[in-house]
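Peer 1: Sharing a structure with you now.
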Amino acid sequence: MPKPQPHLTSAPASPAGPGSPDSPGSALTGLRVLDLATLFAGPLAATMLGDFGAEVIKVEHPDRPDPSRGHGPSKDGIGLWWKLLGRNKRTITLDLSKPAGRTTLLRLVATADVVIENFRPGTLERWDLGWDELSAVNPRLVLARVTGFGQFGPYARRPGFGTLAEAMSGFAAMTGEPDAPPTLPPFGLADSIAALATSYAVMTALTARERTGEGQVVDMAIIEPILTVLGPQPTWYDQLGHVQPRTGNRSQNNAPRNTYRTADGTWVAVSASAQSVAERVMRLVGRPELIDEPWFATGAERARHADVLDAAVGDWIARHSRADVLAEFEKAQAAVAPVQDVRDVMADPQYQALDSVTTVDDPELGPLRMQNVLFRLSATPGAIRWAGRPHGADTEEVLTGLGLTPTDVKELREEGVV
């Protein structure tokens with residue numbers, strides 16, 4: 001089996017600029033994706049496809065860009081989140097609600113393999129851009145529809161965001177300390193999981209197209225992928241009536257499993273999911289007699305005695321610096337990790353070895369650091385070819401590539417279509 005190669009860092013654009021063909025060595029070269037979505041799940045799925053060579057065309061409203069351009073901190077008026085979310089995408093503007101915008105989109109769709117959208121159900125149909133119209137001009141098209149609640153059901157037309165999925169799925173109910181309120185994540189967890197699922201769904205549909213010759217619709221509800229990654233909660237409830245309570249950092253399935261404060265005021269996380277690791281931890285912290293307790297033999301029984309185990313581990317860790325804790329745990333082959341913030345992540349030697357946070361040369365901001373592509377492929381690696389581009393930067397190039405003349409594009413601008 002060939003050894004996986006390191007991540008590629010940003011690849012310089014060819015002389016013709018970002019609109020040029022992608023690297024012939026990329027896995028998805030030749031795939032054209034239209035990103036009509038806004039905010040995170042749909043656009044992030046398109047980013048993931050673009051990272052591995054797909055030509056992604058980001059379509060935004062002429063007057064109302066993707067709100068992610070204004071989310072979070074900015075530098076010199078340029079949104080930094082967009083630089084990540086918009087990477088490897090060409091950007092055009094198009095008002096799909098206008099007849100000329102509809103006609104222009106259909107011309108684009110005829111050349112595309114995938115469309116990703118996240119309008120409320122019925123919006124594309126209201127503009128005569130539903131599946132019937134899109135598939136009529138391109139029977140091989142895959143249309144990925146990403147919404148909060150899916151395309152049907154009693155909630156389908158409600159506004160849906162990742163926060164609602166985190167609440168509805170059971171995630172918030174089981175997250176947090178037992179005597180504290182349910183806890184929501186401080187980032188787009190459900191959206192990000194849905195983006196991973198959407199990119200997987202798109203590739204599944206494209207693989208099916210190779211066999212059938214026809215495209216299809218992907219109906220992705222953001223409330224569903226997060227439910228899947230929460231594990232066997234529905235099965236436990238169905239078979240046992242079991243509802244997982246909030247347990248903080250503890251697990252109901254094993255112990256010791258928690259975060260512990262070190263002598264120098266930092267934190268480490270310990271996991272003892274495997275019996276052998278749990279035994280090593282107890283020997284390391286000077287409490288080998290606990291291994292002989294009858295309840296120590298299974299993870300679930302250890303979890304019921306978490307107070308005893310946490311005290312043993314926590315007392316030992318509290319007497320040592322983080323560096324010593326990490327060194328001793330590694331020597332004992334026990335599982336531990338520092339609790340890191342972004343400053344630590346940027347300096348972490350393992351992330352550095354993997355090039356997990358890489359540098360992209362951006363025309364607007366200069367050298368810019370961001371997460372690298374999601375995984376390494378040994379033969380057809382992905383790459384960040386450019387960071388998120390200005391609103392509508394590639395409109396003329398993309399539309400003239402469809403056969404429109406510069407005069408046609410000028411008239412569309414005057415009409416407010418682009």
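To be explicit about the labels: the chains of the structure tokens are called A, B, and onward in the order shown, and within each one the residues are counted from 1, while ligands get numbers from 1 in the order they are shown.
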Neighbours of Ser356 (chain A) within 9 Å (only C-alpha atoms; same-chain residues fewer than 6 positions away dropped), as a short mmCIF file (atom, residue, chain, number, x, y, z; two decimals) with all heavy atoms, in the first residue's frame?
Peer 2:
data_model
loop_
_atom_site.label_atom_id
_atom_site.label_comp_id
_atom_site.auth_asym_id
_atom_site.auth_seq_id
_atom_site.Cartn_x
_atom_site.Cartn_y
_atom_site.Cartn_z
N HIS A 7 -0.11 16.64 3.33
CA HIS A 7 -1.00 17.61 2.70
C HIS A 7 -0.20 18.48 1.74
O HIS A 7 0.94 18.83 2.01
CB HIS A 7 -1.60 18.53 3.75
CG HIS A 7 -2.78 17.97 4.47
ND1 HIS A 7 -3.87 17.44 3.83
CD2 HIS A 7 -3.04 17.89 5.81
CE1 HIS A 7 -4.75 17.06 4.74
NE2 HIS A 7 -4.28 17.32 5.94
N GLN A 350 2.36 17.77 16.47
CA GLN A 350 1.67 16.78 15.64
C GLN A 350 0.89 17.45 14.52
O GLN A 350 0.94 17.03 13.36
CB GLN A 350 0.72 15.91 16.48
CG GLN A 350 0.03 14.82 15.68
CD GLN A 350 1.00 13.82 15.07
OE1 GLN A 350 2.07 13.56 15.62
NE2 GLN A 350 0.65 13.26 13.93
N MET A 370 -4.89 28.72 7.66
CA MET A 370 -6.21 28.11 7.82
C MET A 370 -6.06 26.60 7.84
O MET A 370 -5.00 26.06 7.50
CB MET A 370 -7.14 28.52 6.67
CG MET A 370 -6.72 28.04 5.29
SD MET A 370 -7.94 28.40 4.00
CE MET A 370 -7.97 30.17 4.00
N GLN A 371 -7.15 25.90 8.22
CA GLN A 371 -7.12 24.44 8.19
C GLN A 371 -6.85 23.94 6.78
O GLN A 371 -7.36 24.49 5.81
CB GLN A 371 -8.45 23.87 8.68
CG GLN A 371 -8.79 24.21 10.11
CD GLN A 371 -9.69 25.41 10.22
OE1 GLN A 371 -9.49 26.42 9.54
NE2 GLN A 371 -10.71 25.32 11.08
N ASN A 372 -6.08 22.88 6.68
CA ASN A 372 -5.78 22.29 5.39
C ASN A 372 -6.94 21.42 4.94
O ASN A 372 -7.96 21.31 5.63
CB ASN A 372 -4.50 21.47 5.49
CG ASN A 372 -3.69 21.48 4.21
OD1 ASN A 372 -4.26 21.53 3.12
ND2 ASN A 372 -2.38 21.43 4.32
N VAL A 373 -6.81 20.79 3.77
CA VAL A 373 -7.84 19.89 3.28
C VAL A 373 -8.02 18.75 4.27
O VAL A 373 -7.15 18.46 5.09
CB VAL A 373 -7.51 19.37 1.87
CG1 VAL A 373 -7.39 20.53 0.89
CG2 VAL A 373 -6.23 18.55 1.86
N LEU A 374 -9.16 18.09 4.20
CA LEU A 374 -9.63 17.26 5.29
C LEU A 374 -8.85 15.96 5.49
O LEU A 374 -8.79 15.43 6.59
CB LEU A 374 -11.11 16.95 5.06
CG LEU A 374 -11.94 16.46 6.23
CD1 LEU A 374 -11.89 17.45 7.38
CD2 LEU A 374 -13.37 16.23 5.79
#
Peer 1: Can you list every residue in region 142-361 of chain A that DSSP puts in helix (DSSP H, G or I), as a ChimeraX atom specification?
Peer 2: /A:162-168,171-174,189-212,223-229,233-240,275-284,288-292,294-297,299-304,306-318,322-331,342-347,349-354
Peer 1: Could you tell me which of A:Val59, A:Glu396, A:Leu143, A:Gly382 comes closest to Thr91 (chain A) if we count only C-alpha atoms?
Peer 2: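 Selected residue with least distance to Thr91 (chain A): A:Val59.
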Peer 1: Mind giving me the straight-line distance from CA of Leu129 (chain A) to CA of Arg87 (chain A) in Å, one decimal?
Peer 2: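 A separation of 26.6 Å between them.
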Peer 1: List as JSON, numbers by chain the protein and nucleic acid residues near Leu230 (chain A), meaning an atom at most 8 Å away when only C-alpha atoms are counted, but skip any in the same chain fewer than 4 places from it.
Peer 2: {"A": [170, 171, 226]}
Peer 1: With only C-alpha atoms as the basis for distance, which of A:Glu330, A:Asp76, A:Asp113, A:Asp355 is at the shortest distance from Thr207 (chain A)?
Peer 2: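 Ranked by minimum distance to Thr207 (chain A), first place goes to A:Asp113.
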Peer 1: Using only C-alpha atoms, which protein or nucleic acid residues come within 10 Å of Ala156 (chain A)? Drop anything in the same chain fewer than 2 positions from it, and give the result as a PyMOL selection string.
Peer 2: chain A and resi 120-122+147-154+158-160+221
Peer 1: With N, CA, C and O atoms retained, write the just-selected residues as a PDB file, in the first residue's frame.
Peer 2:
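Saved the output as part_20.pdb:
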ATOM      1  N   ARG A 120     -35.419  27.574   1.474  1.00  0.00           N
ATOM      2  CA  ARG A 120     -36.542  26.864   2.079  1.00  0.00           C
ATOM      3  C   ARG A 120     -37.275  26.075   0.999  1.00  0.00           C
ATOM      4  O   ARG A 120     -37.367  26.510  -0.151  1.00  0.00           O
ATOM      5  N   PRO A 121     -37.809  24.893   1.351  1.00  0.00           N
ATOM      6  CA  PRO A 121     -38.526  24.102   0.354  1.00  0.00           C
ATOM      7  C   PRO A 121     -39.595  24.925  -0.348  1.00  0.00           C
ATOM      8  O   PRO A 121     -40.344  25.673   0.284  1.00  0.00           O
ATOM      9  N   GLY A 122     -39.622  24.799  -1.664  1.00  0.00           N
ATOM     10  CA  GLY A 122     -40.589  25.530  -2.473  1.00  0.00           C
ATOM     11  C   GLY A 122     -40.051  26.792  -3.106  1.00  0.00           C
ATOM     12  O   GLY A 122     -40.656  27.324  -4.043  1.00  0.00           O
ATOM     13  N   THR A 147     -31.445  21.554   4.006  1.00  0.00           N
ATOM     14  CA  THR A 147     -32.341  22.390   4.797  1.00  0.00           C
ATOM     15  C   THR A 147     -32.344  21.912   6.241  1.00  0.00           C
ATOM     16  O   THR A 147     -31.848  20.819   6.550  1.00  0.00           O
ATOM     17  N   GLY A 148     -32.914  22.712   7.115  1.00  0.00           N
ATOM     18  CA  GLY A 148     -32.941  22.346   8.517  1.00  0.00           C
ATOM     19  C   GLY A 148     -33.684  21.058   8.778  1.00  0.00           C
ATOM     20  O   GLY A 148     -33.245  20.207   9.565  1.00  0.00           O
ATOM     21  N   PHE A 149     -34.846  20.885   8.102  1.00  0.00           N
ATOM     22  CA  PHE A 149     -35.752  19.795   8.452  1.00  0.00           C
ATOM     23  C   PHE A 149     -36.091  18.871   7.290  1.00  0.00           C
ATOM     24  O   PHE A 149     -36.928  17.979   7.446  1.00  0.00           O
ATOM     25  N   GLY A 150     -35.482  19.080   6.129  1.00  0.00           N
ATOM     26  CA  GLY A 150     -35.793  18.237   4.989  1.00  0.00           C
ATOM     27  C   GLY A 150     -36.877  18.850   4.124  1.00  0.00           C
ATOM     28  O   GLY A 150     -37.435  19.906   4.426  1.00  0.00           O
ATOM     29  N   GLN A 151     -37.202  18.153   3.047  1.00  0.00           N
ATOM     30  CA  GLN A 151     -38.116  18.687   2.035  1.00  0.00           C
ATOM     31  C   GLN A 151     -39.584  18.411   2.319  1.00  0.00           C
ATOM     32  O   GLN A 151     -40.456  18.918   1.619  1.00  0.00           O
ATOM     33  N   PHE A 152     -39.900  17.603   3.332  1.00  0.00           N
ATOM     34  CA  PHE A 152     -41.301  17.308   3.636  1.00  0.00           C
ATOM     35  C   PHE A 152     -41.433  17.115   5.141  1.00  0.00           C
ATOM     36  O   PHE A 152     -40.443  17.082   5.883  1.00  0.00           O
ATOM     37  N   GLY A 153     -42.659  16.971   5.603  1.00  0.00           N
ATOM     38  CA  GLY A 153     -42.906  16.828   7.035  1.00  0.00           C
ATOM     39  C   GLY A 153     -43.434  18.120   7.622  1.00  0.00           C
ATOM     40  O   GLY A 153     -43.387  19.186   6.985  1.00  0.00           O
ATOM     41  N   PRO A 154     -43.945  18.071   8.854  1.00  0.00           N
ATOM     42  CA  PRO A 154     -44.614  19.231   9.433  1.00  0.00           C
ATOM     43  C   PRO A 154     -43.710  20.436   9.668  1.00  0.00           C
ATOM     44  O   PRO A 154     -44.201  21.565   9.763  1.00  0.00           O
ATOM     45  N   ARG A 158     -40.272  25.528   8.039  1.00  0.00           N
ATOM     46  CA  ARG A 158     -39.764  26.398   9.102  1.00  0.00           C
ATOM     47  C   ARG A 158     -38.339  26.835   8.792  1.00  0.00           C
ATOM     48  O   ARG A 158     -37.586  26.100   8.153  1.00  0.00           O
ATOM     49  N   PRO A 159     -37.929  28.022   9.267  1.00  0.00           N
ATOM     50  CA  PRO A 159     -36.505  28.359   9.174  1.00  0.00           C
ATOM     51  C   PRO A 159     -35.707  27.403  10.046  1.00  0.00           C
ATOM     52  O   PRO A 159     -36.100  27.097  11.181  1.00  0.00           O
ATOM     53  N   GLY A 160     -34.619  26.894   9.504  1.00  0.00           N
ATOM     54  CA  GLY A 160     -33.853  25.894  10.238  1.00  0.00           C
ATOM     55  C   GLY A 160     -32.380  26.239  10.283  1.00  0.00           C
ATOM     56  O   GLY A 160     -31.785  26.598   9.266  1.00  0.00           O
ATOM     57  N   ALA A 221     -31.403  16.794   5.550  1.00  0.00           N
ATOM     58  CA  ALA A 221     -31.950  17.549   6.674  1.00  0.00           C
ATOM     59  C   ALA A 221     -30.878  17.670   7.739  1.00  0.00           C
ATOM     60  O   ALA A 221     -30.334  16.662   8.206  1.00  0.00           O
TER      61      ALA A 221
END
